[in-house]
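Asker: Contents of run-v6.cif (mmCIF, C-alpha atoms and all ligand atoms) are given next:
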```
data_query
loop_
_atom_site.label_atom_id
_atom_site.label_comp_id
_atom_site.auth_asym_id
_atom_site.auth_seq_id
_atom_site.Cartn_x
_atom_site.Cartn_y
_atom_site.Cartn_z
CA MET A 1 101.33 -14.37 -27.84
CA SER A 2 101.21 -17.05 -25.18
CA PRO A 3 104.26 -17.08 -22.94
CA ALA A 4 107.06 -19.52 -23.37
CA ALA A 5 106.82 -22.82 -21.64
CA ALA A 6 109.15 -25.11 -23.46
CA GLU A 7 112.29 -23.21 -22.62
CA ARG A 8 112.43 -24.01 -18.93
CA ASP A 9 110.00 -26.84 -18.58
CA VAL A 10 109.79 -30.22 -20.16
CA LEU A 11 107.06 -30.74 -22.66
CA VAL A 12 106.10 -34.28 -23.54
CA VAL A 13 103.68 -35.21 -26.27
CA THR A 14 102.81 -38.87 -25.96
CA GLN A 15 101.67 -41.32 -28.60
CA VAL A 16 101.58 -38.77 -31.36
CA ARG A 17 101.91 -39.53 -35.06
CA ALA A 18 105.16 -37.76 -35.90
CA ILE A 19 105.70 -37.03 -39.57
CA ASP A 20 108.85 -35.58 -41.07
CA PRO A 21 109.76 -36.75 -44.55
CA ALA A 22 113.16 -35.05 -44.21
CA VAL A 23 114.18 -37.79 -41.77
CA SER A 24 111.88 -40.50 -43.21
CA LEU A 25 109.77 -40.41 -40.07
CA ASP A 26 106.13 -41.42 -39.90
CA ALA A 27 105.48 -43.27 -36.67
CA GLU A 28 103.57 -43.13 -33.44
CA VAL A 29 106.07 -41.90 -30.86
CA ASP A 30 106.57 -39.78 -27.78
CA VAL A 31 108.28 -36.45 -28.34
CA VAL A 32 110.22 -34.86 -25.48
CA VAL A 33 111.14 -31.17 -25.56
CA GLU A 34 113.52 -29.81 -22.93
CA ARG A 35 114.83 -26.27 -22.69
CA GLY A 36 113.72 -25.51 -26.21
CA LYS A 37 115.23 -28.55 -27.85
CA ILE A 38 113.88 -31.87 -28.98
CA THR A 39 115.73 -34.29 -26.75
CA ARG A 40 113.98 -37.54 -27.50
CA ILE A 41 111.71 -38.97 -30.14
CA GLY A 42 110.65 -42.59 -30.06
CA ARG A 43 108.27 -45.20 -28.90
CA GLY A 44 108.24 -45.11 -25.11
CA ALA A 45 110.66 -42.15 -25.11
CA ALA A 46 108.72 -40.64 -22.23
CA SER A 47 109.55 -42.92 -19.33
CA PRO A 48 107.11 -43.28 -16.40
CA GLU A 49 109.65 -41.46 -14.18
CA LEU A 50 109.84 -38.55 -16.57
CA LEU A 51 106.07 -38.36 -16.84
CA ALA A 52 105.76 -38.40 -13.06
CA SER A 53 108.08 -35.39 -12.72
CA GLU A 54 106.56 -32.08 -11.75
CA ARG A 55 108.62 -30.26 -14.33
CA VAL A 56 106.81 -32.04 -17.10
CA GLU A 57 103.80 -30.88 -19.01
CA ARG A 58 102.20 -33.83 -20.71
CA ILE A 59 100.02 -33.60 -23.79
CA ASP A 60 98.14 -36.62 -25.01
CA GLY A 61 98.98 -36.79 -28.70
CA LYS A 62 96.68 -39.65 -29.59
CA GLY A 63 94.94 -38.95 -32.88
CA SER A 64 97.15 -35.90 -33.52
CA TRP A 65 100.05 -35.21 -35.85
CA MET A 66 103.38 -33.73 -34.82
CA LEU A 67 104.95 -31.95 -37.78
CA PRO A 68 108.02 -29.79 -38.20
CA ALA A 69 106.75 -26.21 -37.97
CA PHE A 70 105.93 -24.48 -41.23
CA VAL A 71 107.87 -21.89 -43.22
CA ASP A 72 105.91 -19.34 -45.27
CA LEU A 73 107.74 -17.88 -48.24
CA HIS A 74 105.15 -15.23 -48.99
CA ALA A 75 103.22 -13.04 -46.58
CA HIS A 76 102.27 -9.36 -46.52
CA LEU A 77 102.43 -8.03 -42.98
CA ARG A 78 101.82 -4.39 -44.04
CA GLU A 79 104.26 -2.80 -41.55
CA PRO A 80 105.52 -0.19 -42.18
CA GLY A 81 102.75 1.92 -43.61
CA GLU A 82 99.44 0.09 -43.58
CA GLU A 83 99.17 -1.07 -40.00
CA TYR A 84 95.40 -0.70 -40.08
CA LYS A 85 95.36 -3.87 -42.23
CA GLU A 86 98.01 -5.82 -40.31
CA ASP A 87 101.19 -5.19 -38.40
CA ILE A 88 104.17 -7.31 -37.51
CA ARG A 89 102.69 -8.27 -34.14
CA THR A 90 99.30 -9.37 -35.45
CA GLY A 91 100.85 -10.94 -38.53
CA LEU A 92 103.27 -13.03 -36.49
CA THR A 93 100.49 -14.02 -34.09
CA ALA A 94 98.43 -15.16 -37.08
CA ALA A 95 101.46 -17.09 -38.33
CA ALA A 96 101.87 -18.84 -34.97
CA ARG A 97 98.20 -19.80 -34.99
CA GLY A 98 98.62 -21.22 -38.46
CA GLY A 99 101.54 -23.46 -37.47
CA PHE A 100 104.37 -21.32 -38.84
CA ALA A 101 107.75 -20.83 -37.16
CA HIS A 102 109.18 -18.74 -40.01
CA VAL A 103 107.57 -16.09 -42.18
CA CYS A 104 109.15 -14.36 -45.16
CA VAL A 105 107.58 -10.97 -45.69
CA MET A 106 107.10 -9.19 -48.97
CA PRO A 107 108.52 -5.71 -49.54
CA ASN A 108 105.43 -3.93 -50.90
CA THR A 109 105.08 -2.00 -47.67
CA LYS A 110 104.86 1.81 -47.47
CA PRO A 111 107.64 2.72 -47.97
CA VAL A 112 108.81 -0.23 -50.02
CA ASN A 113 111.47 -2.36 -48.35
CA ASP A 114 114.22 -1.43 -50.77
CA LYS A 115 116.95 -0.47 -48.33
CA ARG A 116 118.89 -1.65 -45.34
CA SER A 117 117.22 0.63 -42.79
CA ILE A 118 113.75 -0.74 -43.53
CA THR A 119 114.88 -4.35 -43.53
CA GLU A 120 116.63 -3.77 -40.22
CA ALA A 121 113.58 -2.07 -38.71
CA MET A 122 111.37 -5.02 -39.65
CA VAL A 123 113.76 -7.53 -38.14
CA ALA A 124 114.10 -5.46 -34.96
CA ARG A 125 110.34 -5.09 -34.57
CA ALA A 126 109.84 -8.84 -35.02
CA ARG A 127 112.46 -9.57 -32.35
CA GLU A 128 110.61 -7.27 -29.96
CA VAL A 129 107.36 -9.08 -30.67
CA GLY A 130 108.81 -12.56 -30.28
CA GLY A 131 107.09 -15.59 -31.72
CA PRO A 132 107.77 -16.89 -35.22
CA ALA A 133 110.87 -15.56 -36.94
CA LEU A 134 110.40 -12.89 -39.58
CA HIS A 135 112.61 -12.93 -42.66
CA PRO A 136 112.33 -9.89 -44.93
CA ILE A 137 112.31 -10.17 -48.68
CA GLY A 138 113.84 -7.04 -50.15
CA ALA A 139 112.67 -5.36 -53.33
CA ILE A 140 114.32 -6.13 -56.65
CA THR A 141 114.06 -2.52 -57.80
CA MET A 142 113.99 0.79 -55.94
CA GLY A 143 110.42 1.63 -54.94
CA GLN A 144 109.44 -1.40 -57.02
CA ASN A 145 109.78 0.92 -59.99
CA GLY A 146 110.97 -1.84 -62.28
CA ALA A 147 114.07 0.06 -63.32
CA GLU A 148 116.83 0.61 -60.80
CA LEU A 149 118.19 -2.38 -58.87
CA THR A 150 118.34 -2.28 -55.08
CA GLU A 151 121.58 -2.64 -53.16
CA MET A 152 121.15 -6.36 -52.59
CA ALA A 153 124.36 -6.80 -50.62
CA ASP A 154 123.03 -4.37 -48.01
CA LEU A 155 119.61 -6.02 -47.96
CA LYS A 156 121.12 -9.43 -47.45
CA ASP A 157 123.44 -8.16 -44.78
CA ALA A 158 120.44 -6.70 -42.93
CA GLY A 159 118.60 -10.02 -43.02
CA ALA A 160 116.85 -10.28 -46.38
CA VAL A 161 116.54 -13.85 -47.62
CA GLY A 162 115.42 -13.09 -51.17
CA VAL A 163 114.30 -10.27 -53.45
CA SER A 164 110.95 -9.64 -55.11
CA ASP A 165 108.82 -6.83 -56.52
CA ASP A 166 105.70 -8.85 -55.61
CA GLY A 167 102.48 -7.11 -56.45
CA LYS A 168 104.25 -5.90 -59.56
CA CYS A 169 106.07 -7.79 -62.27
CA VAL A 170 109.59 -6.93 -63.32
CA MET A 171 108.51 -6.20 -66.87
CA SER A 172 111.84 -5.31 -68.45
CA ALA A 173 113.79 -8.34 -69.60
CA ALA A 174 116.98 -6.29 -69.30
CA VAL A 175 116.26 -5.43 -65.66
CA MET A 176 115.29 -9.00 -64.86
CA ARG A 177 118.46 -10.26 -66.45
CA ARG A 178 120.58 -7.89 -64.40
CA ALA A 179 118.62 -8.76 -61.25
CA LEU A 180 119.28 -12.47 -61.73
CA GLU A 181 122.96 -11.84 -62.35
CA TYR A 182 123.32 -9.48 -59.41
CA ALA A 183 121.31 -11.58 -56.94
CA ARG A 184 123.35 -14.59 -57.95
CA THR A 185 126.48 -13.04 -56.52
CA PHE A 186 124.72 -12.97 -53.12
CA ASP A 187 123.02 -16.34 -53.58
CA LEU A 188 119.59 -14.70 -53.24
CA PRO A 189 116.55 -16.09 -55.06
CA VAL A 190 114.75 -13.64 -57.35
CA ILE A 191 111.04 -14.06 -56.75
CA GLN A 192 108.91 -12.98 -59.66
CA HIS A 193 105.28 -11.85 -59.65
CA ALA A 194 104.65 -13.19 -63.16
CA GLU A 195 102.16 -10.87 -64.81
CA ASP A 196 102.63 -9.14 -68.12
CA HIS A 197 100.92 -5.89 -67.16
CA THR A 198 100.32 -4.95 -70.80
CA LEU A 199 97.96 -7.94 -70.97
CA THR A 200 96.14 -7.32 -67.69
CA GLU A 201 95.27 -3.64 -67.77
CA GLY A 202 91.96 -3.14 -65.99
CA ALA A 203 91.60 -6.88 -65.42
CA GLN A 204 89.39 -7.92 -62.51
CA MET A 205 89.38 -11.71 -62.66
CA HIS A 206 90.37 -14.72 -64.77
CA ASP A 207 89.67 -14.24 -68.46
CA GLY A 208 87.02 -16.86 -69.18
CA PRO A 209 83.28 -17.48 -69.41
CA ILE A 210 82.54 -16.20 -65.89
CA ALA A 211 84.26 -12.88 -66.59
CA THR A 212 82.14 -12.56 -69.72
CA ARG A 213 78.98 -13.36 -67.80
CA LEU A 214 79.80 -10.86 -65.05
CA GLY A 215 80.93 -8.19 -67.48
CA LEU A 216 84.35 -7.95 -65.86
CA ARG A 217 87.58 -7.51 -67.73
CA GLY A 218 89.69 -10.70 -67.82
CA TRP A 219 93.31 -11.49 -66.86
CA PRO A 220 94.37 -14.08 -69.44
CA ARG A 221 96.56 -17.03 -68.46
CA VAL A 222 99.09 -16.09 -71.09
CA ALA A 223 99.99 -12.96 -69.10
CA GLU A 224 101.53 -15.28 -66.52
CA ASP A 225 102.91 -17.87 -68.93
CA ILE A 226 104.76 -15.38 -71.09
CA ILE A 227 106.72 -14.01 -68.13
CA VAL A 228 107.53 -17.44 -66.70
CA ALA A 229 108.76 -18.60 -70.12
CA ARG A 230 110.92 -15.51 -70.58
CA ASP A 231 112.33 -15.69 -67.08
CA VAL A 232 113.18 -19.38 -67.37
CA LEU A 233 115.31 -18.48 -70.39
CA LEU A 234 116.94 -15.65 -68.42
CA ALA A 235 117.56 -17.98 -65.47
CA GLU A 236 119.16 -20.47 -67.81
CA SER A 237 121.42 -17.90 -69.44
CA THR A 238 122.45 -16.16 -66.19
CA GLY A 239 122.60 -19.13 -63.83
CA GLY A 240 120.58 -17.06 -61.31
CA ARG A 241 118.09 -18.59 -58.88
CA TYR A 242 114.58 -17.93 -60.11
CA HIS A 243 111.43 -18.50 -58.05
CA VAL A 244 107.88 -18.00 -59.32
CA ALA A 245 105.41 -16.63 -56.79
CA HIS A 246 101.81 -17.87 -56.69
CA VAL A 247 101.72 -19.99 -59.86
CA SER A 248 98.15 -20.12 -61.15
CA THR A 249 98.06 -21.53 -64.69
CA LEU A 250 98.47 -24.88 -66.35
CA GLY A 251 100.76 -23.26 -68.91
CA ALA A 252 103.17 -22.01 -66.24
CA VAL A 253 103.21 -25.51 -64.75
CA ARG A 254 104.13 -26.97 -68.14
CA ILE A 255 106.99 -24.49 -68.58
CA LEU A 256 108.31 -25.13 -65.08
CA ARG A 257 108.19 -28.88 -65.55
CA GLU A 258 110.21 -28.62 -68.73
CA ALA A 259 112.68 -26.16 -67.17
CA LYS A 260 113.29 -28.45 -64.22
CA ALA A 261 113.74 -31.44 -66.50
CA ARG A 262 116.44 -29.42 -68.25
CA GLY A 263 118.18 -28.71 -64.96
CA ILE A 264 117.52 -24.97 -64.79
CA ALA A 265 117.54 -23.45 -61.28
CA VAL A 266 113.83 -22.67 -61.01
CA THR A 267 111.46 -23.15 -58.09
CA ALA A 268 107.82 -22.29 -57.57
CA GLU A 269 105.08 -21.90 -55.00
CA VAL A 270 101.31 -22.25 -55.08
CA THR A 271 98.80 -20.70 -52.69
CA PRO A 272 96.10 -22.62 -50.83
CA HIS A 273 93.38 -20.60 -52.60
CA HIS A 274 94.62 -21.44 -56.08
CA LEU A 275 94.54 -25.12 -55.11
CA VAL A 276 90.94 -25.19 -53.93
CA LEU A 277 88.96 -22.31 -55.50
CA SER A 278 88.03 -21.61 -59.10
CA HIS A 279 86.81 -18.49 -60.88
CA GLU A 280 83.27 -19.70 -60.19
CA ALA A 281 83.75 -18.45 -56.63
CA VAL A 282 83.61 -14.92 -58.05
CA LEU A 283 80.10 -15.44 -59.44
CA GLY A 284 78.36 -13.43 -56.71
CA TYR A 285 80.87 -10.57 -57.19
CA ASP A 286 82.44 -11.68 -53.93
CA THR A 287 85.33 -9.29 -53.42
CA ALA A 288 86.93 -11.73 -50.96
CA CYS A 289 87.64 -13.84 -54.05
CA LYS A 290 89.38 -11.04 -55.90
CA VAL A 291 93.02 -11.98 -55.85
CA ASN A 292 96.07 -11.50 -57.97
CA PRO A 293 96.75 -13.72 -59.90
CA PRO A 294 93.06 -14.55 -60.20
CA LEU A 295 91.31 -17.81 -59.34
CA ARG A 296 91.38 -19.91 -62.50
CA GLU A 297 89.60 -22.93 -63.99
CA LYS A 298 89.31 -26.62 -63.17
CA GLU A 299 92.08 -27.64 -65.56
CA ASP A 300 94.45 -25.15 -63.92
CA ILE A 301 93.55 -26.42 -60.46
CA ASP A 302 94.12 -30.01 -61.58
CA ALA A 303 97.50 -29.07 -63.06
CA LEU A 304 98.52 -27.17 -59.90
CA ARG A 305 97.57 -30.09 -57.68
CA ALA A 306 99.44 -32.61 -59.83
CA ALA A 307 102.48 -30.32 -59.94
CA LEU A 308 102.48 -29.89 -56.18
CA ALA A 309 102.13 -33.63 -55.70
CA ASP A 310 105.04 -34.47 -58.01
CA GLY A 311 107.31 -31.64 -56.81
CA THR A 312 107.22 -29.53 -60.00
CA ILE A 313 105.77 -26.90 -57.68
CA ASP A 314 108.11 -27.00 -54.70
CA CYS A 315 106.08 -25.44 -51.97
CA ILE A 316 102.89 -23.99 -50.57
CA ALA A 317 103.01 -20.28 -49.71
CA THR A 318 100.09 -18.36 -48.27
CA ASP A 319 100.31 -14.99 -50.05
CA HIS A 320 98.63 -13.74 -46.86
CA ALA A 321 97.33 -10.39 -48.13
CA PRO A 322 95.23 -8.61 -45.50
CA HIS A 323 92.93 -5.80 -46.57
CA SER A 324 90.46 -3.88 -44.43
CA SER A 325 86.73 -3.67 -45.07
CA LEU A 326 87.41 -0.25 -46.62
CA GLU A 327 89.19 -1.96 -49.49
CA LYS A 328 86.86 -4.95 -49.75
CA ASP A 329 83.30 -3.82 -48.96
CA CYS A 330 82.96 -1.94 -52.22
CA GLU A 331 82.38 -2.38 -55.94
CA PHE A 332 84.28 -5.35 -57.36
CA ALA A 333 86.30 -3.10 -59.65
CA GLU A 334 87.33 -0.91 -56.72
CA ALA A 335 88.28 -3.77 -54.39
CA ARG A 336 91.95 -4.53 -53.74
CA PRO A 337 93.19 -8.00 -54.61
CA GLY A 338 94.25 -10.45 -51.94
CA MET A 339 93.07 -12.74 -49.17
CA ILE A 340 94.41 -13.69 -45.78
CA GLY A 341 95.96 -17.13 -45.45
CA LEU A 342 98.27 -17.62 -42.49
CA GLU A 343 95.58 -19.04 -40.18
CA LEU A 344 93.88 -21.06 -42.89
CA VAL A 345 96.48 -23.35 -44.40
CA VAL A 346 95.73 -26.47 -42.39
CA PRO A 347 91.92 -26.41 -42.44
CA VAL A 348 91.75 -25.31 -46.08
CA LEU A 349 94.23 -27.86 -47.42
CA LEU A 350 93.78 -30.96 -45.29
CA GLY A 351 90.88 -32.03 -47.49
CA LEU A 352 93.35 -32.52 -50.35
CA VAL A 353 95.47 -34.73 -48.12
CA ARG A 354 92.45 -36.65 -46.87
CA ASP A 355 91.30 -37.25 -50.43
CA GLY A 356 94.73 -38.58 -51.42
CA ILE A 357 95.34 -35.73 -53.89
CA ILE A 358 98.44 -34.50 -52.05
CA PRO A 359 100.36 -37.18 -50.13
CA LEU A 360 100.76 -36.21 -46.48
CA ALA A 361 104.58 -36.39 -46.64
CA ARG A 362 104.57 -34.04 -49.65
CA PHE A 363 102.21 -31.66 -47.86
CA VAL A 364 104.60 -31.48 -44.90
CA ASP A 365 107.63 -31.09 -47.15
CA ALA A 366 105.91 -28.34 -49.17
CA LEU A 367 105.28 -26.35 -46.00
CA CYS A 368 108.63 -26.82 -44.35
CA ARG A 369 111.77 -28.17 -45.94
CA ALA A 370 111.06 -27.09 -49.53
CA PRO A 371 110.39 -23.41 -48.78
CA ALA A 372 113.24 -23.28 -46.24
CA ARG A 373 115.67 -24.49 -48.86
CA ILE A 374 114.60 -21.82 -51.36
CA VAL A 375 115.50 -19.02 -48.95
CA SER A 376 118.45 -20.89 -47.42
CA LEU A 377 116.98 -21.22 -43.94
CA GLU A 378 117.57 -24.19 -41.72
CA ALA A 379 114.30 -26.11 -41.88
CA PRO A 380 112.53 -27.14 -38.69
CA SER A 381 112.97 -30.86 -38.27
CA LEU A 382 111.84 -33.70 -36.02
CA ARG A 383 115.32 -34.77 -35.06
CA GLU A 384 116.76 -35.34 -31.62
CA GLY A 385 118.97 -32.38 -30.78
CA SER A 386 117.08 -29.95 -33.05
CA LEU A 387 115.66 -26.65 -31.93
CA ALA A 388 112.03 -27.28 -31.05
CA GLU A 389 110.02 -25.87 -33.96
CA LEU A 390 106.92 -27.98 -34.05
CA THR A 391 103.31 -27.89 -35.13
CA LEU A 392 100.76 -30.10 -33.44
CA VAL A 393 97.73 -30.69 -35.63
CA ALA A 394 94.43 -32.32 -34.69
CA PRO A 395 93.37 -33.39 -38.19
CA ASP A 396 89.81 -34.31 -37.34
CA ARG A 397 89.03 -31.46 -35.00
CA PRO A 398 86.46 -29.06 -36.43
CA VAL A 399 87.37 -25.40 -36.54
CA VAL A 400 85.06 -22.50 -37.18
CA LEU A 401 86.87 -19.95 -39.27
CA ASP A 402 85.44 -16.84 -37.72
CA ARG A 403 88.03 -15.51 -35.33
CA PHE A 404 91.44 -14.50 -36.53
CA ALA A 405 94.50 -12.99 -34.93
CA SER A 406 94.92 -11.08 -38.16
CA LYS A 407 93.46 -7.58 -38.21
CA SER A 408 91.72 -8.36 -41.48
CA LYS A 409 89.01 -10.85 -42.34
CA ASN A 410 89.21 -10.90 -46.11
CA THR A 411 88.72 -14.54 -46.89
CA PRO A 412 85.93 -16.37 -48.69
CA PHE A 413 86.22 -19.05 -45.99
CA LEU A 414 84.97 -16.67 -43.31
CA GLY A 415 82.41 -18.39 -41.07
CA LYS A 416 82.95 -21.84 -42.57
CA THR A 417 83.55 -24.91 -40.44
CA MET A 418 86.37 -27.20 -41.55
CA SER A 419 88.38 -30.06 -40.09
CA GLY A 420 91.97 -29.63 -39.04
CA ALA A 421 93.11 -27.55 -36.10
CA VAL A 422 96.58 -26.29 -35.26
CA VAL A 423 96.61 -27.09 -31.56
CA MET A 424 100.09 -25.89 -30.71
CA THR A 425 103.07 -24.24 -32.38
CA LEU A 426 106.62 -24.01 -31.12
CA ALA A 427 109.00 -21.57 -32.78
CA GLY A 428 112.58 -20.91 -31.75
CA GLY A 429 112.17 -23.45 -28.94
CA ARG A 430 109.19 -21.67 -27.41
CA VAL A 431 105.47 -22.25 -27.38
CA VAL A 432 104.06 -19.44 -29.50
CA HIS A 433 100.53 -20.74 -29.89
CA ARG A 434 98.12 -22.94 -27.99
CA LEU A 435 94.55 -23.42 -29.05
CA ASP A 436 92.11 -22.46 -26.33
CA THR A 437 90.00 -25.44 -25.46
O1 LIG B 501 96.34 -10.65 -54.37
C1 LIG B 501 97.41 -10.09 -54.18
N1 LIG B 501 97.58 -9.23 -53.16
N2 LIG B 501 98.43 -10.33 -55.03
C2 LIG B 501 99.57 -9.63 -54.96
O2 LIG B 501 100.44 -9.90 -55.75
C3 LIG B 501 99.75 -8.55 -53.97
C4 LIG B 501 98.88 -8.76 -52.82
C5 LIG B 501 98.78 -7.56 -51.90
O3 LIG B 501 99.81 -6.99 -51.56
O4 LIG B 501 97.67 -7.25 -51.46
ZN ZN B 502 101.91 -11.47 -52.64
#
```
Since I need it in another form, could you write the structure as structure tokens?
Answerer:
Amino acid sequence: MSPAAAERDVLVVTQVRAIDPAVSLDAEVDVVVERGKITRIGRGAASPELLASERVERIDGKGSWMLPAFVDLHAHLREPGEEYKEDIRTGLTAAARGGFAHVCVMPNTKPVNDKRSITEAMVARAREVGGPALHPIGAITMGQNGAELTEMADLKDAGAVGVSDDGKCVMSAAVMRRALEYARTFDLPVIQHAEDHTLTEGAQMHDGPIATRLGLRGWPRVAEDIIVARDVLLAESTGGRYHVAHVSTLGAVRILREAKARGIAVTAEVTPHHLVLSHEAVLGYDTACKVNPPLREKEDIDALRAALADGTIDCIATDHAPHSSLEKDCEFAEARPGMIGLELVVPVLLGLVRDGIIPLARFVDALCRAPARIVSLEAPSLREGSLAELTLVAPDRPVVLDRFASKSKNTPFLGKTMSGAVVMTLAGGRVVHRLDT
């Protein structure tokens, strides 16, 4: 991780397009960062005297965007237990390179993060590493066994910002009901991996014509919809905070839209891959496209995009799921589901912004304020006096997606060239990433 500059020195980004919908900002300004804080934002904020000072590092922001740094609600950093795929150091470095200042990490580690000691160890390791802040998500049930609730008070006290059994669905309605009630007393969101496992046994991809053609067993949409529908009813009756991980179907979108209209406390996230890839990507048995939930069809993608644009889906979350070549260079049926995402968000999604499918302000909100609110974190913001947590993006700069800080390379975008580079990231007032030029 590149050493800190912004803490002692003055960093000035001149004539940059600064965009932060949280403060209704979209203007070409100078941004001044001193000792880790944003001290000035405005046209001509960087005076000639300031720019002449030796303490100042000046970056020409022309043609670039200054955004509040991103918050990821959903990443798998694999430590403890599967450090050959990723560890907290490489995961946080990947996050910094992707523009993130905060990363919430899922508990399906080995062992599962279902107790205070593991949550504490993760937080301590992240502090040692430095860089973006790590926020653990504790398990809902012990060992993610779907039966016995974790001690959520302890998890929260140790730093957990939510609970989830991600990778597995909480199948029992009774357990889910108790989880929502219990988590509510600690104001923790319950994050559901919505998959009725009785409907997805042996499933390899989306249940549709491509699965039939490839002779692979399908994962029907209804397996997701049925759980989201049930959980919305449980959220309504308990008053608990319910969040749906990686929404993938048009049916789930419809249920969420109705639930929100009725004032139920539900929120949802969508991954970059579900927004841009369909089940057709699996046609060559490309294991990089095996992901859970699976890549769906055009009508799902259209519904997900519309829902993200209108706020029915609150935020974008990466579901960064590193796997080694051992788990991916094999038969499709043997391959583990998941793809990496932390370093890919900007290049993969900027096309949707460019094409007017997702308004730029909504894109920024979906990566920063909306996810921060769900896990009760203070969102990075382009406000004078705020801690400097910033992402500088060169939207037209081509990037070749072939070198990652992540230990794993499992992405169907490997080797592709796309537009949109994260040039610099500041987290906690420090520079945690600079693109080599
Ligand atoms: O594709 C996925 N990979 N979906 C999940 O829910 C879990 C994740 C993983 O941990 O690899
Ligand atoms: Zn996940």
Asker: Can you work out the spacing between atom CA of A:Ala160 and atom CA of A:Gly146 in Å, to one decimal?
Answerer: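 These two atoms are separated by 18.9 Å.
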Asker: Using only C-alpha atoms, find each residue in stretch 171-214 of chain A having at least one atom no more than 12 Å away from stretch 275-293 of chain A; report its shortest atom-to-atom pair and that distance in Å (one decimal), rows by chain then rising number, as JSON lines.
Answerer:
```
{"residue": "A:His193", "atom": "CA", "partner": "A:Pro293", "partner_atom": "CA", "distance": 8.7}
{"residue": "A:Ala194", "atom": "CA", "partner": "A:Pro293", "partner_atom": "CA", "distance": 8.6}
{"residue": "A:Glu195", "atom": "CA", "partner": "A:Pro293", "partner_atom": "CA", "distance": 7.8}
{"residue": "A:Asp196", "atom": "CA", "partner": "A:Pro293", "partner_atom": "CA", "distance": 11.1}
{"residue": "A:His197", "atom": "CA", "partner": "A:Pro293", "partner_atom": "CA", "distance": 11.5}
{"residue": "A:Thr200", "atom": "CA", "partner": "A:Pro293", "partner_atom": "CA", "distance": 10.1}
{"residue": "A:Ala203", "atom": "CA", "partner": "A:Asn292", "partner_atom": "CA", "distance": 9.8}
{"residue": "A:Gln204", "atom": "CA", "partner": "A:Lys290", "partner_atom": "CA", "distance": 7.3}
{"residue": "A:Met205", "atom": "CA", "partner": "A:Lys290", "partner_atom": "CA", "distance": 6.8}
{"residue": "A:His206", "atom": "CA", "partner": "A:His279", "partner_atom": "CA", "distance": 6.5}
{"residue": "A:Asp207", "atom": "CA", "partner": "A:His279", "partner_atom": "CA", "distance": 9.1}
{"residue": "A:Gly208", "atom": "CA", "partner": "A:His279", "partner_atom": "CA", "distance": 8.5}
{"residue": "A:Pro209", "atom": "CA", "partner": "A:His279", "partner_atom": "CA", "distance": 9.3}
{"residue": "A:Ile210", "atom": "CA", "partner": "A:Glu280", "partner_atom": "CA", "distance": 6.7}
{"residue": "A:Ala211", "atom": "CA", "partner": "A:His279", "partner_atom": "CA", "distance": 8.4}
{"residue": "A:Thr212", "atom": "CA", "partner": "A:Leu283", "partner_atom": "CA", "distance": 10.9}
{"residue": "A:Arg213", "atom": "CA", "partner": "A:Leu283", "partner_atom": "CA", "distance": 8.7}
{"residue": "A:Leu214", "atom": "CA", "partner": "A:Leu283", "partner_atom": "CA", "distance": 7.2}
```
Asker: Mind pulling up the distance from atom CA of A:Arg241 to atom CA of A:Ile374?
Answerer: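 One can read the atom CA of A:Ile374 to atom CA of A:Arg241 distance as 8.9 Å.
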Asker: May I ask for the distance between atom CA of A:Arg397 and atom CA of A:Cys368, given in Å to one decimal place?
Answerer: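 Going from atom CA of A:Arg397 over to atom CA of A:Cys368 covers 22.2 Å.
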Asker: Nearest residue to ligand ZN 502 (chain B) out of A:Gly239, A:Gly202, A:Gly218, A:Pro107, using only C-alpha atoms and all ligand atoms?
Answerer: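 Closest residue, counting only C-alpha atoms and all ligand atoms: A:Pro107.
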Asker: Let me have all residues with an atom within 12 Å of ligand ZN 502 (chain B), counting only C-alpha atoms and all ligand atoms, laid out as a ChimeraX atom specification.
Answerer: /A:72-78,104-109,137,164-169,191-194,244-247,269-271,291-293,317-322,337-341
Asker: Go through A:Lys110, A:Arg430, A:Arg125, A:Arg257 and flag the residue nearest ligand LIG 501 (chain B), using all atoms listed in the file for the distances.
Answerer: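 Under the stated criterion, the closest residue is A:Lys110.
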Asker: So which one's closest to ligand LIG 501 (chain B), A:Met152, A:Met122, A:Ala335, A:Val29? Using all atoms listed in the file, please.
Answerer: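 Looking only at the distances to ligand LIG 501 (chain B), the closest residue turns out to be A:Ala335.
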Asker: Give me the residues within 7 Å of stretch 85-93 of chain A as a VMD selection string, counting only C-alpha atoms and dropping any in the same chain fewer than 6 places off.
Answerer: chain A and resid 1 77 to 79 126 129 131 to 132 322 to 324 405 to 408
Asker: Please report, as AutoDock Vina command-line options, the centre and edge lengths in Å to one decimal of an axis-aligned box covering all listed atoms of ligand LIG 501 (chain B) with 5 Å per side.
Answerer:
```
--center_x 98.4 --center_y -8.8 --center_z -53.6 --size_x 14.1 --size_y 13.7 --size_z 14.3
```
Asker: Name the residues in contact with A:Leu11 at a cut-off of 12 Å, using all atoms listed in the file, excluding same-chain residues fewer than 5 positions from it; report them as a PyMOL selection string.
Answerer: chain A and resi 4-6+30-40+46+50-51+53-61+388+390+424+426+429-431
Asker: Would you kindly return, as an MDAnalysis selection string, each protein, DNA or RNA residue with an atom no farther than 9 Å from any atom of A:Val222, considering all atoms listed in the file and excluding same-chain residues fewer than 4 positions away?
Answerer: chainID A and resid 195:196 199 226:227 249 251:252
Asker: Kindly indicate which residue among A:Thr391, A:Glu327, A:Asp365, A:Pro371 lies nearest to ligand LIG 501 (chain B), using only C-alpha atoms and all ligand atoms for the distances.
Answerer: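 So, comparing all the options, the nearest one is A:Glu327.
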